[in-house]
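> I am sharing entry29.txt, which consists of compact mmCIF, C-alpha atoms:
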# COMPACT_ATOMS: atom_id res chain seq x y z
CA MET A 1 11.49 -19.77 -15.35
CA LEU A 2 8.17 -18.18 -16.30
CA SER A 3 8.60 -19.25 -19.92
CA GLU A 4 9.15 -22.85 -18.77
CA LEU A 5 6.18 -22.90 -16.39
CA GLY A 6 3.71 -21.68 -18.99
CA GLU A 7 0.84 -19.26 -18.99
CA GLU A 8 -0.83 -20.42 -15.77
CA ALA A 9 2.16 -19.50 -13.60
CA LYS A 10 2.04 -16.24 -11.67
CA LEU A 11 4.60 -13.96 -10.13
CA LEU A 12 4.35 -13.24 -6.43
CA ALA A 13 5.51 -9.75 -5.43
CA GLY A 14 4.08 -8.28 -2.21
CA GLY A 15 1.19 -10.72 -2.35
CA GLN A 16 -1.26 -8.34 -0.71
CA SER A 17 -3.75 -8.74 -3.55
CA LEU A 18 -2.73 -12.05 -5.09
CA ILE A 19 -2.82 -14.10 -1.87
CA PRO A 20 -6.33 -12.87 -0.92
CA LEU A 21 -7.47 -13.57 -4.51
CA MET A 22 -6.08 -17.10 -4.28
CA LYS A 23 -7.90 -17.68 -0.97
CA LEU A 24 -11.15 -16.70 -2.69
CA ARG A 25 -10.22 -18.99 -5.60
CA TYR A 26 -10.48 -16.03 -7.97
CA ALA A 27 -6.86 -16.72 -8.82
CA ASN A 28 -5.71 -20.28 -9.20
CA PRO A 29 -2.17 -20.23 -10.58
CA SER A 30 -0.46 -23.51 -11.45
CA HIS A 31 2.79 -22.19 -10.02
CA LEU A 32 3.84 -19.18 -8.00
CA VAL A 33 7.26 -17.68 -8.58
CA ASP A 34 8.26 -15.69 -5.49
CA LEU A 35 10.29 -12.64 -6.47
CA ASN A 36 10.99 -11.58 -2.90
CA PHE A 37 14.27 -13.39 -2.53
CA ILE A 38 15.86 -11.78 -5.60
CA ALA A 39 18.47 -9.23 -4.52
CA GLY A 40 18.61 -5.77 -6.05
CA THR A 41 14.93 -5.46 -6.92
CA SER A 42 14.14 -2.85 -4.27
CA TYR A 43 15.72 0.58 -4.68
CA ILE A 44 14.93 4.26 -5.12
CA LYS A 45 17.38 6.25 -7.24
CA ASP A 46 17.38 9.84 -8.39
CA GLU A 47 19.30 9.85 -11.65
CA ASN A 48 19.26 11.98 -14.80
CA GLY A 49 16.15 13.89 -13.88
CA ALA A 50 14.09 10.84 -13.01
CA LEU A 51 13.21 8.79 -9.95
CA ARG A 52 13.73 5.09 -10.56
CA PHE A 53 11.97 2.52 -8.40
CA GLY A 54 12.90 -1.15 -8.35
CA ALA A 55 9.75 -3.17 -9.00
CA LEU A 56 9.81 -4.71 -5.53
CA THR A 57 10.21 -1.45 -3.66
CA ARG A 58 7.60 -1.55 -0.90
CA HIS A 59 5.08 1.23 -0.41
CA ALA A 60 6.51 1.72 3.11
CA GLU A 61 10.01 2.23 1.71
CA ILE A 62 8.69 4.86 -0.68
CA GLU A 63 6.71 6.49 2.15
CA ALA A 64 9.87 6.78 4.27
CA SER A 65 12.15 7.92 1.45
CA PRO A 66 13.23 11.59 1.35
CA VAL A 67 14.35 11.00 -2.25
CA ALA A 68 10.89 9.80 -3.32
CA SER A 69 9.31 12.78 -1.53
CA ARG A 70 10.97 15.10 -4.06
CA ILE A 71 7.84 14.40 -6.08
CA PRO A 72 5.20 15.11 -3.42
CA VAL A 73 2.35 13.17 -5.08
CA ILE A 74 4.47 10.04 -4.80
CA HIS A 75 4.65 10.49 -1.05
CA ASP A 76 0.92 11.34 -0.87
CA CYS A 77 0.21 8.02 -2.50
CA ALA A 78 2.72 5.75 -0.77
CA ALA A 79 1.89 6.98 2.73
CA GLY A 80 -1.80 6.13 2.53
CA ILE A 81 -2.11 2.91 0.56
CA ALA A 82 -4.14 0.47 2.67
CA ASP A 83 -2.54 0.23 6.12
CA VAL A 84 0.89 -0.13 7.73
CA GLN A 85 0.96 -3.90 7.37
CA VAL A 86 0.04 -3.89 3.68
CA ARG A 87 2.49 -1.05 2.94
CA ASN A 88 5.26 -3.11 4.54
CA ARG A 89 4.69 -5.86 1.95
CA GLY A 90 3.00 -4.38 -1.12
CA THR A 91 5.18 -3.19 -3.99
CA ILE A 92 4.96 -0.48 -6.65
CA GLY A 93 5.71 -2.94 -9.47
CA GLY A 94 3.17 -5.45 -8.22
CA SER A 95 0.50 -2.80 -7.93
CA LEU A 96 0.98 -1.63 -11.52
CA ALA A 97 1.20 -5.19 -12.87
CA GLU A 98 -2.06 -6.12 -11.15
CA ALA A 99 -3.77 -3.10 -12.75
CA ASP A 100 -6.67 -3.05 -10.32
CA PRO A 101 -8.96 -0.17 -11.39
CA SER A 102 -8.97 1.01 -7.77
CA GLY A 103 -5.21 0.80 -7.27
CA ASP A 104 -3.55 4.06 -6.26
CA TRP A 105 -0.27 4.03 -8.17
CA ALA A 106 -1.60 4.07 -11.73
CA THR A 107 -3.74 7.14 -11.01
CA VAL A 108 -0.84 9.07 -9.49
CA LEU A 109 1.78 8.01 -12.00
CA MET A 110 -0.48 8.82 -14.94
CA THR A 111 -0.06 12.52 -14.09
CA LEU A 112 3.72 12.20 -14.43
CA GLN A 113 5.99 11.01 -17.23
CA THR A 114 6.13 7.38 -16.16
CA GLU A 115 7.90 4.54 -17.91
CA VAL A 116 7.48 0.89 -16.97
CA ARG A 117 10.46 -1.32 -17.74
CA CYS A 118 9.33 -4.79 -18.74
CA GLN A 119 11.79 -7.63 -18.89
CA THR A 120 11.92 -11.13 -20.36
CA LYS A 121 14.73 -13.64 -20.61
CA LYS A 122 15.59 -12.16 -23.99
CA GLY A 123 15.72 -8.50 -23.11
CA ASP A 124 13.72 -5.55 -22.00
CA ARG A 125 11.43 -2.82 -23.30
CA ARG A 126 10.19 0.42 -21.81
CA LEU A 127 6.53 1.30 -22.08
CA GLN A 128 4.77 4.51 -21.21
CA LEU A 129 2.40 3.80 -18.34
CA THR A 130 -0.59 4.65 -20.54
CA ASP A 131 0.52 1.96 -23.03
CA PHE A 132 1.30 -0.50 -20.25
CA ILE A 133 -2.18 -0.51 -18.72
CA LYS A 134 -4.66 -1.94 -21.20
CA ASP A 135 -7.81 -2.57 -19.23
CA ALA A 136 -9.05 -3.60 -15.79
CA TYR A 137 -6.59 -6.19 -14.46
CA THR A 138 -4.92 -6.27 -17.89
CA THR A 139 -1.50 -4.97 -18.86
CA ALA A 140 0.76 -5.21 -21.89
CA LEU A 141 2.90 -7.80 -20.07
CA ALA A 142 3.41 -11.12 -21.85
CA HIS A 143 3.14 -14.21 -19.66
CA ASP A 144 6.91 -14.61 -19.55
CA GLU A 145 7.56 -10.93 -18.90
CA LEU A 146 7.85 -9.01 -15.64
CA VAL A 147 8.07 -5.43 -14.47
CA SER A 148 11.62 -4.68 -13.36
CA GLU A 149 11.55 -0.93 -12.83
CA VAL A 150 9.24 2.07 -12.73
CA SER A 151 10.83 5.33 -13.73
CA VAL A 152 9.25 8.74 -13.18
CA LYS A 153 10.55 11.97 -14.68
CA THR A 154 11.01 14.79 -12.18
CA PRO A 155 8.49 17.55 -13.01
CA PRO A 156 9.94 20.91 -14.13
CA PRO A 157 10.46 23.80 -11.69
CA GLY A 158 7.23 25.62 -10.84
CA SER A 159 5.34 22.33 -10.65
CA GLY A 160 3.05 21.22 -7.90
CA GLY A 161 0.90 18.16 -7.51
CA ALA A 162 -1.47 16.50 -5.08
CA TYR A 163 -3.15 13.14 -4.71
CA LEU A 164 -6.38 12.75 -2.76
CA ALA A 165 -8.31 9.54 -2.20
CA VAL A 166 -11.40 8.93 -0.09
CA LYS A 167 -11.90 5.53 1.47
CA ARG A 168 -14.27 4.14 4.07
CA SER A 169 -11.48 2.71 6.21
CA ALA A 170 -7.74 2.25 5.92
CA PRO A 171 -7.47 -1.32 4.56
CA VAL A 172 -9.95 -0.94 1.68
CA TYR A 173 -9.55 0.50 -1.78
CA PRO A 174 -10.69 4.11 -2.20
CA THR A 175 -14.19 5.02 -3.35
CA ALA A 176 -12.71 7.65 -5.67
CA SER A 177 -9.36 9.34 -6.08
CA ALA A 178 -7.82 12.20 -8.02
CA ALA A 179 -4.26 13.12 -8.89
CA VAL A 180 -3.33 16.57 -10.17
CA GLN A 181 0.02 17.79 -11.45
CA LEU A 182 0.31 21.43 -12.53
CA THR A 183 3.17 23.48 -13.96
CA MET A 184 2.58 27.10 -13.01
CA GLU A 185 3.95 30.41 -14.21
CA GLY A 186 2.66 32.94 -11.74
CA ASP A 187 -1.09 32.33 -11.58
CA VAL A 188 -1.20 30.83 -15.06
CA CYS A 189 -1.25 27.09 -15.52
CA LYS A 190 1.26 26.23 -18.25
CA ASP A 191 0.53 22.54 -18.15
CA ALA A 192 -1.92 20.30 -16.34
CA ALA A 193 -2.14 16.55 -15.87
CA ILE A 194 -5.19 15.20 -14.07
CA ALA A 195 -6.10 11.55 -13.48
CA LEU A 196 -9.03 9.90 -11.74
CA GLY A 197 -8.99 6.55 -9.94
CA CYS A 198 -11.75 4.03 -9.06
CA VAL A 199 -14.18 5.64 -11.51
CA GLY A 200 -13.53 3.53 -14.60
CA LEU A 201 -12.02 0.26 -15.79
CA THR A 202 -8.57 1.82 -15.49
CA ALA A 203 -7.26 5.05 -14.06
CA ILE A 204 -8.65 7.77 -16.35
CA LYS A 205 -6.74 10.69 -17.79
CA ALA A 206 -9.22 13.55 -17.30
CA LYS A 207 -8.59 15.32 -20.60
CA ASP A 208 -11.53 17.73 -20.31
CA ALA A 209 -10.40 18.77 -16.86
CA GLU A 210 -6.84 19.32 -18.10
CA ALA A 211 -8.03 21.38 -21.07
CA ALA A 212 -10.02 23.63 -18.74
CA LEU A 213 -6.83 24.67 -16.93
CA ARG A 214 -4.08 24.52 -19.54
CA GLY A 215 -2.93 28.02 -20.52
CA GLN A 216 -5.50 29.60 -18.19
CA LEU A 217 -5.40 31.67 -15.05
CA VAL A 218 -6.22 29.34 -12.20
CA ASN A 219 -9.18 30.92 -10.44
CA GLU A 220 -12.58 29.97 -9.15
CA LYS A 221 -14.05 29.92 -12.64
CA THR A 222 -11.41 27.76 -14.31
CA ILE A 223 -11.30 25.38 -11.34
CA ALA A 224 -15.09 24.99 -11.62
CA ALA A 225 -14.68 24.23 -15.33
CA ALA A 226 -12.01 21.62 -14.52
CA VAL A 227 -14.33 20.01 -11.97
CA GLU A 228 -17.12 19.84 -14.56
CA GLY A 229 -14.62 18.36 -17.02
CA ALA A 230 -13.49 15.74 -14.51
CA ARG A 231 -17.08 14.73 -13.76
CA ALA A 232 -17.69 14.32 -17.48
CA ASP A 233 -14.49 12.27 -17.89
CA ALA A 234 -15.36 9.91 -15.01
CA ASP A 235 -17.09 6.66 -15.91
CA PRO A 236 -17.99 5.10 -12.56
CA GLN A 237 -20.04 2.01 -11.74
CA SER A 238 -22.42 1.74 -8.81
CA ASP A 239 -21.23 -0.80 -6.28
CA MET A 240 -20.99 -1.38 -2.53
CA ARG A 241 -18.70 1.64 -2.21
CA GLY A 242 -21.27 4.04 -3.61
CA SER A 243 -23.56 4.90 -6.48
CA ALA A 244 -22.16 6.05 -9.81
CA ASP A 245 -23.57 9.55 -9.17
CA TYR A 246 -21.94 9.75 -5.78
CA LYS A 247 -18.55 8.68 -7.14
CA ARG A 248 -18.77 11.13 -10.03
CA THR A 249 -19.57 13.98 -7.64
CA LEU A 250 -16.84 12.89 -5.24
CA ALA A 251 -14.23 12.65 -8.01
CA GLY A 252 -14.99 16.22 -9.05
CA SER A 253 -14.71 17.51 -5.48
CA LEU A 254 -11.38 15.73 -5.07
CA VAL A 255 -10.11 17.34 -8.28
CA LYS A 256 -11.06 20.76 -6.91
CA ARG A 257 -9.22 20.23 -3.65
CA ALA A 258 -6.24 18.65 -5.37
CA ILE A 259 -5.91 21.62 -7.77
CA GLU A 260 -5.95 24.02 -4.82
CA ILE A 261 -3.24 22.06 -3.03
CA ALA A 262 -1.20 21.66 -6.23
CA VAL A 263 -1.21 25.43 -6.79
CA ARG A 264 -0.04 26.08 -3.23
CA ARG A 265 2.66 23.44 -3.51
CA ALA A 266 3.82 24.90 -6.82
CA ARG A 267 4.47 28.12 -4.86
CA GLY A 268 6.61 26.17 -2.44
CA GLU A 269 4.08 25.90 0.39
CA ARG A 270 4.06 22.74 2.46
CA VAL A 271 0.57 21.30 2.41
CA GLU A 272 -0.57 17.85 3.47
CA ALA A 273 -2.48 15.64 1.07
CA GLY A 274 -3.18 11.96 0.71
CA HIS A 275 -5.80 9.43 1.70
CA ILE A 276 -8.82 10.56 3.66
CA TYR A 277 -10.62 7.99 5.80
CA ALA A 278 -12.70 7.90 8.93
CA MET C 279 -6.79 -38.46 -3.67
CA PRO C 280 -5.20 -35.05 -3.27
CA GLU C 281 -1.89 -34.68 -4.97
CA LEU C 282 1.04 -35.14 -2.59
CA ILE C 283 2.62 -31.76 -2.14
CA GLU C 284 6.36 -31.57 -1.88
CA LYS C 285 7.45 -29.89 1.32
CA VAL C 286 10.04 -27.16 1.55
CA GLU C 287 12.68 -26.83 4.25
CA ILE C 288 12.79 -23.46 5.95
CA LYS C 289 14.66 -21.90 8.83
CA VAL C 290 12.79 -19.31 10.80
CA THR C 291 13.41 -17.64 14.14
CA VAL C 292 10.26 -17.09 16.17
CA ASN C 293 10.46 -15.06 19.38
CA GLY C 294 14.21 -15.61 19.48
CA LYS C 295 14.03 -19.37 19.03
CA ALA C 296 15.43 -20.88 15.82
CA HIS C 297 13.32 -23.52 14.07
CA SER C 298 14.11 -25.77 11.11
CA LEU C 299 10.80 -26.78 9.62
CA SER C 300 9.40 -28.64 6.67
CA VAL C 301 6.33 -26.88 5.27
CA GLU C 302 3.94 -27.21 2.36
CA PRO C 303 4.35 -24.19 0.05
CA ARG C 304 0.66 -23.34 0.45
CA THR C 305 0.88 -23.04 4.24
CA LEU C 306 0.27 -19.49 5.42
CA LEU C 307 2.59 -17.97 7.99
CA VAL C 308 -0.28 -17.69 10.46
CA GLU C 309 -1.01 -21.42 10.09
CA LEU C 310 2.63 -22.22 10.77
CA ILE C 311 2.61 -20.01 13.85
CA ARG C 312 -0.67 -21.31 15.27
CA GLU C 313 -0.78 -24.93 14.19
CA THR C 314 2.83 -26.05 13.83
CA LEU C 315 4.42 -23.93 16.55
CA ASP C 316 1.29 -23.90 18.72
CA LEU C 317 1.55 -20.16 19.37
CA THR C 318 -2.14 -19.42 19.42
CA GLY C 319 -1.85 -15.81 20.59
CA THR C 320 -1.79 -14.76 16.94
CA HIS C 321 -5.42 -14.71 15.82
CA VAL C 322 -7.22 -15.11 12.53
CA GLY C 323 -10.05 -12.62 12.33
CA CYS C 324 -11.07 -12.10 8.73
CA ASP C 325 -8.58 -14.07 6.66
CA THR C 326 -8.98 -11.42 3.95
CA THR C 327 -6.11 -9.00 4.74
CA TYR C 328 -8.48 -6.60 6.44
CA CYS C 329 -8.68 -6.89 10.20
CA GLY C 330 -5.06 -7.16 11.37
CA ALA C 331 -5.74 -9.71 14.15
CA CYS C 332 -2.96 -11.86 12.65
CA THR C 333 -0.35 -9.07 12.73
CA VAL C 334 3.16 -10.20 13.67
CA LEU C 335 6.54 -8.56 13.24
CA MET C 336 8.67 -9.94 10.42
CA ASN C 337 12.21 -8.56 10.64
CA GLY C 338 10.75 -5.71 12.71
CA ALA C 339 7.97 -4.81 10.26
CA ALA C 340 4.30 -5.34 11.10
CA VAL C 341 2.74 -7.73 8.57
CA LYS C 342 -0.51 -9.65 8.27
CA SER C 343 0.57 -13.24 8.71
CA CYS C 344 -2.56 -14.49 6.92
CA THR C 345 -1.24 -12.86 3.74
CA ILE C 346 2.27 -14.30 3.64
CA PHE C 347 3.24 -17.87 2.87
CA ALA C 348 5.29 -19.61 5.53
CA VAL C 349 8.01 -20.35 2.95
CA GLN C 350 8.41 -16.60 2.48
CA ALA C 351 9.53 -16.31 6.09
CA ASP C 352 12.58 -18.47 5.36
CA GLY C 353 15.52 -16.77 7.07
CA ALA C 354 13.31 -14.22 8.80
CA GLU C 355 12.88 -13.25 12.44
CA ILE C 356 9.28 -13.32 13.54
CA MET C 357 7.88 -11.87 16.71
CA THR C 358 4.44 -12.84 17.94
CA VAL C 359 2.56 -11.59 20.99
CA GLU C 360 4.15 -14.40 23.02
CA GLY C 361 7.56 -12.82 22.34
CA LEU C 362 6.70 -9.51 23.98
CA GLU C 363 7.07 -10.54 27.62
CA LYS C 364 10.54 -11.15 29.03
CA ASP C 365 11.36 -13.36 32.03
CA GLY C 366 7.76 -13.43 33.16
CA GLN C 367 7.52 -9.63 33.03
CA LEU C 368 4.92 -8.05 30.81
CA HIS C 369 6.25 -5.80 28.06
CA PRO C 370 5.43 -2.09 28.63
CA ILE C 371 2.97 -2.31 25.73
CA GLN C 372 1.14 -5.25 27.32
CA LYS C 373 1.09 -3.54 30.70
CA ALA C 374 -0.28 -0.32 29.17
CA PHE C 375 -3.09 -2.12 27.34
CA GLY C 376 -4.11 -3.62 30.69
CA ASP C 377 -3.75 -0.41 32.66
CA ALA C 378 -5.73 1.68 30.15
CA TYR C 379 -8.44 -0.94 29.63
CA GLY C 380 -7.34 -1.00 25.99
CA LEU C 381 -9.11 -4.29 25.40
CA GLN C 382 -12.41 -5.96 26.03
CA CYS C 383 -12.77 -9.37 24.38
CA GLY C 384 -9.08 -9.33 23.50
CA TYR C 385 -9.37 -10.86 20.07
CA CYS C 386 -7.74 -7.95 18.22
CA THR C 387 -5.29 -7.16 21.02
CA PRO C 388 -2.26 -9.23 19.96
CA GLY C 389 -2.32 -7.61 16.53
CA LEU C 390 -2.79 -4.14 17.98
CA MET C 391 0.11 -4.64 20.36
CA LEU C 392 2.44 -5.68 17.55
CA SER C 393 1.40 -2.74 15.36
CA THR C 394 2.13 -0.61 18.43
CA ALA C 395 5.50 -2.36 18.78
CA GLN C 396 6.51 -1.36 15.25
CA LEU C 397 5.40 2.24 15.87
CA LEU C 398 7.21 2.63 19.19
CA ALA C 399 10.38 0.93 17.96
CA ARG C 400 10.69 3.74 15.41
CA ASN C 401 9.09 6.65 17.23
CA THR C 402 8.74 6.86 21.01
CA GLN C 403 6.95 10.23 20.83
CA PRO C 404 4.13 9.63 18.39
CA THR C 405 1.48 12.28 17.84
CA GLU C 406 -2.17 11.24 18.03
CA LYS C 407 -2.28 11.27 14.23
CA GLU C 408 0.75 8.98 14.03
CA MET C 409 -0.83 6.62 16.55
CA ARG C 410 -4.09 6.51 14.61
CA LYS C 411 -2.24 5.86 11.38
CA ALA C 412 -0.16 3.11 12.98
CA ILE C 413 -3.22 1.10 14.05
CA ALA C 414 -5.44 1.88 11.05
CA GLY C 415 -4.92 -1.69 9.85
CA ASN C 416 -6.22 -3.22 13.09
CA THR C 417 -9.95 -3.54 13.61
CA CYS C 418 -11.46 -3.65 17.11
CA ARG C 419 -15.14 -4.39 17.34
CA CYS C 420 -15.82 -4.00 21.03
CA THR C 421 -13.73 -1.66 23.15
CA GLY C 422 -13.47 1.13 20.64
CA TYR C 423 -10.30 2.97 20.00
CA GLN C 424 -10.16 5.63 22.72
CA ASN C 425 -8.69 3.36 25.36
CA ILE C 426 -6.43 1.72 22.82
CA LEU C 427 -4.98 5.13 21.93
CA LYS C 428 -4.55 5.85 25.65
CA ALA C 429 -2.74 2.54 26.01
CA ILE C 430 -0.35 3.40 23.19
CA GLN C 431 0.33 6.77 24.77
CA ILE C 432 1.06 5.19 28.17
CA ALA C 433 3.23 2.54 26.54
CA ALA C 434 5.21 5.27 24.77
CA GLN C 435 5.70 7.12 28.08
CA ASN C 436 6.83 3.94 29.81
CA ILE C 437 9.26 3.07 27.05
CA ARG C 438 10.68 6.60 27.07
CA GLY C 439 11.06 6.42 30.85
CA ALA C 440 12.63 2.96 30.81
Mind turning this structure into structure tokens?

Amino acid sequence: MLSELGEEAKLLAGGQSLIPLMKLRYANPSHLVDLNFIAGTSYIKDENGALRFGALTRHAEIEASPVASRIPVIHDCAAGIADVQVRNRGTIGGSLAEADPSGDWATVLMTLQTEVRCQTKKGDRRLQLTDFIKDAYTTALAHDELVSEVSVKTPPPGSGGAYLAVKRSAPVYPTASAAVQLTMEGDVCKDAAIALGCVGLTAIKAKDAEAALRGQLVNEKTIAAAVEGARADADPQSDMRGSADYKRTLAGSLVKRAIEIAVRRARGERVEAGHIYA
Amino acid sequence: MPELIEKVEIKVTVNGKAHSLSVEPRTLLVELIRETLDLTGTHVGCDTTYCGACTVLMNGAAVKSCTIFAVQADGAEIMTVEGLEKDGQLHPIQKAFGDAYGLQCGYCTPGLMLSTAQLLARNTQPTEKEMRKAIAGNTCRCTGYQNILKAIQIAAQNIRGA
């Protein structure tokens, strides 16, 4: 259908971004193809060491799913996106396909082995999330292609992660966010994945922050180095949510707290994390 | 001349009453509710998916009816604030909002009551944190939230006792 309607047609998933954008006339699609009536597009499966999410799985379904909570950062994220009403409609596939720089999912899923399954009439391909997201509001999707599934590899034993996002109120996008995923062996960090949200044109893989922890004892000194790394990796813009300096500082502080929670979770402790708002 | 837009037939149940309607695809659910069905208890506050004044239940889930097209409600069951009372008796949530002074101008109240309805349908013993989270998508600009939280607590007690 998309290939017949041409490049100006748009897919409608949860609609919680697209419909507001259409009201503001920022988006003016020639046709809307509503995916919501297609059966079998919403599911959460734990198979072969990976969690698989149907593209139209709602944030609220992920929030309520014990299966999805096996990767705690996924629950951290799903449970705090916008508000109840938006989580009841918004979808994981729609969020990734929109590629808003302030969206939560890309930041979280960048710290995990995430594959996005893209489908056309002719067949499908699987892209690593980092290859899928090209730029702000820009993905590798062709105009006649859609996201059908998001698949996330279960982290190895000894892993712990946390996602923290600060926002001014529930319905708005965060000012800054940080996702951390660590694989620990005792007090030594065997592997680290750290991503920052809202502080660049896409979610940013904080490579300097990761390098500061990888293979190191996690202590005050290495955490401080990771925070410095994260602040260097961030590339924020000043806007109504805050100045670039403020966001850079905030992103670093969130990385610090997320590392501390990730370490405790890796030890099996139950610690709460997620969105922070007034 | 604006282009003539082809209408779409939908079936939707609102507050228990089945309707067969012919709607333009661009019509928002809140417009259908307010203008076609004349149920003006559902309010439009911001029209930008922020304030939650337009919250209704769609198949039991709280949604912002300004951010759903009416055609997407085809086959769905909608509940608006008018559907809360039964046989002239206020719903326990409505009664609690009155008793606790959980409203002042009342503009946000229908949305708040429906967000409360989703919460209490799933959890009749919410913690304060759960209550705050449940109404985080509803903005009140006059009463403040203390009395609203009291109202939710009283409503929960009444529903448990009922």
> Output as an NGL selection string the set of chain C residues within 10 Å of chain A, with distances taken over only C-alpha atoms.
:C and (303-304 or 306 or 325-330 or 333-336 or 339-347 or 349-350 or 352 or 393 or 396-397 or 411-417)
> What lies within 6 Å of stretch 51-57 of chain A using only C-alpha atoms, ignoring chain neighbours under 4 positions off, as a PDB file with C-alpha atoms, in the coordinates of the input?

ATOM      1  CA  THR A  41      14.930  -5.460  -6.920  1.00  0.00           C
ATOM      2  CA  SER A  42      14.140  -2.850  -4.270  1.00  0.00           C
ATOM      3  CA  TYR A  43      15.720   0.580  -4.680  1.00  0.00           C
ATOM      4  CA  ILE A  44      14.930   4.260  -5.120  1.00  0.00           C
ATOM      5  CA  LYS A  45      17.380   6.250  -7.240  1.00  0.00           C
ATOM      6  CA  ASP A  46      17.380   9.840  -8.390  1.00  0.00           C
ATOM      7  CA  THR A  91       5.180  -3.190  -3.990  1.00  0.00           C
ATOM      8  CA  ILE A  92       4.960  -0.480  -6.650  1.00  0.00           C
ATOM      9  CA  GLY A  93       5.710  -2.940  -9.470  1.00  0.00           C
ATOM     10  CA  SER A 148      11.620  -4.680 -13.360  1.00  0.00           C
ATOM     11  CA  GLU A 149      11.550  -0.930 -12.830  1.00  0.00           C
ATOM     12  CA  VAL A 150       9.240   2.070 -12.730  1.00  0.00           C
ATOM     13  CA  SER A 151      10.830   5.330 -13.730  1.00  0.00           C
ATOM     14  CA  VAL A 152       9.250   8.740 -13.180  1.00  0.00           C
TER      15      VAL A 152
END
> Determine the nearest neighbour of A:Gly229 from the options A:Leu213, A:Ile81, A:Ile259, A:Ala99, counting only C-alpha atoms.
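Nearest to A:Gly229: A:Leu213.
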> Find the residues around A:Val218 up to 8 Å (all atoms listed in the file counted), leave out those fewer than 5 positions away in its own chain, and share them as a ChimeraX atom specification.
/A:187-189,213,223
> Residues proximal to (-11.1, -6.0, 18.0) were defined as those with any atom within 9 Å of that point in the file's coordinates, counting only C-alpha atoms. Which are they, as a list of chain:residue names?
C:Gly323, C:Cys329, C:Ala331, C:Leu381, C:Gln382, C:Cys383, C:Gly384, C:Tyr385, C:Cys386, C:Thr387, C:Leu390, C:Asn416, C:Thr417, C:Cys418, C:Arg419, C:Cys420, C:Thr421, C:Gly422
> Between C:Gly353, C:Lys364, C:Ala434, C:Thr318, which is the closest to C:Glu287 once you count all atoms listed in the file?
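Between C:Gly353, C:Lys364, C:Ala434, C:Thr318, the residue approaching C:Glu287 most closely is C:Gly353.
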> In Å, with one decimal, what is the gap from atom CA of C:Ile356 to atom CA of C:Asn337?
6.3 Å
> Excluding stretch 423-426 of chain C and its own-chain neighbours fewer than 5 positions away, which residues fall within 7 Å of it when counting only C-alpha atoms? Please give them as a ChimeraX atom specification.
/C:375,378-380
> Need to verify the contact set: A:Ala209, 8 Å, all atoms listed in the file, exclusion of same-chain residues closer than 4 positions in sequence. Can you return it as a PDB file with C-alpha atoms, in the coordinates of the input?

ATOM      1  CA  ILE A 194      -5.190  15.200 -14.070  1.00  0.00           C
ATOM      2  CA  LEU A 213      -6.830  24.670 -16.930  1.00  0.00           C
ATOM      3  CA  ALA A 225     -14.680  24.230 -15.330  1.00  0.00           C
ATOM      4  CA  ALA A 226     -12.010  21.620 -14.520  1.00  0.00           C
ATOM      5  CA  VAL A 227     -14.330  20.010 -11.970  1.00  0.00           C
ATOM      6  CA  GLU A 228     -17.120  19.840 -14.560  1.00  0.00           C
ATOM      7  CA  GLY A 229     -14.620  18.360 -17.020  1.00  0.00           C
ATOM      8  CA  ALA A 230     -13.490  15.740 -14.510  1.00  0.00           C
ATOM      9  CA  ASP A 233     -14.490  12.270 -17.890  1.00  0.00           C
TER      10      ASP A 233
END
> Determine the nearest neighbour of C:Thr405 from the options C:Pro388, C:Gly338, C:Ile430, C:His321, counting all atoms listed in the file.
C:Ile430
> Measure the distance from atom CA of A:Gly49 to atom CA of A:Glu115 in Å and round it to one decimal.
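These atoms are spaced 13.1 Å apart.
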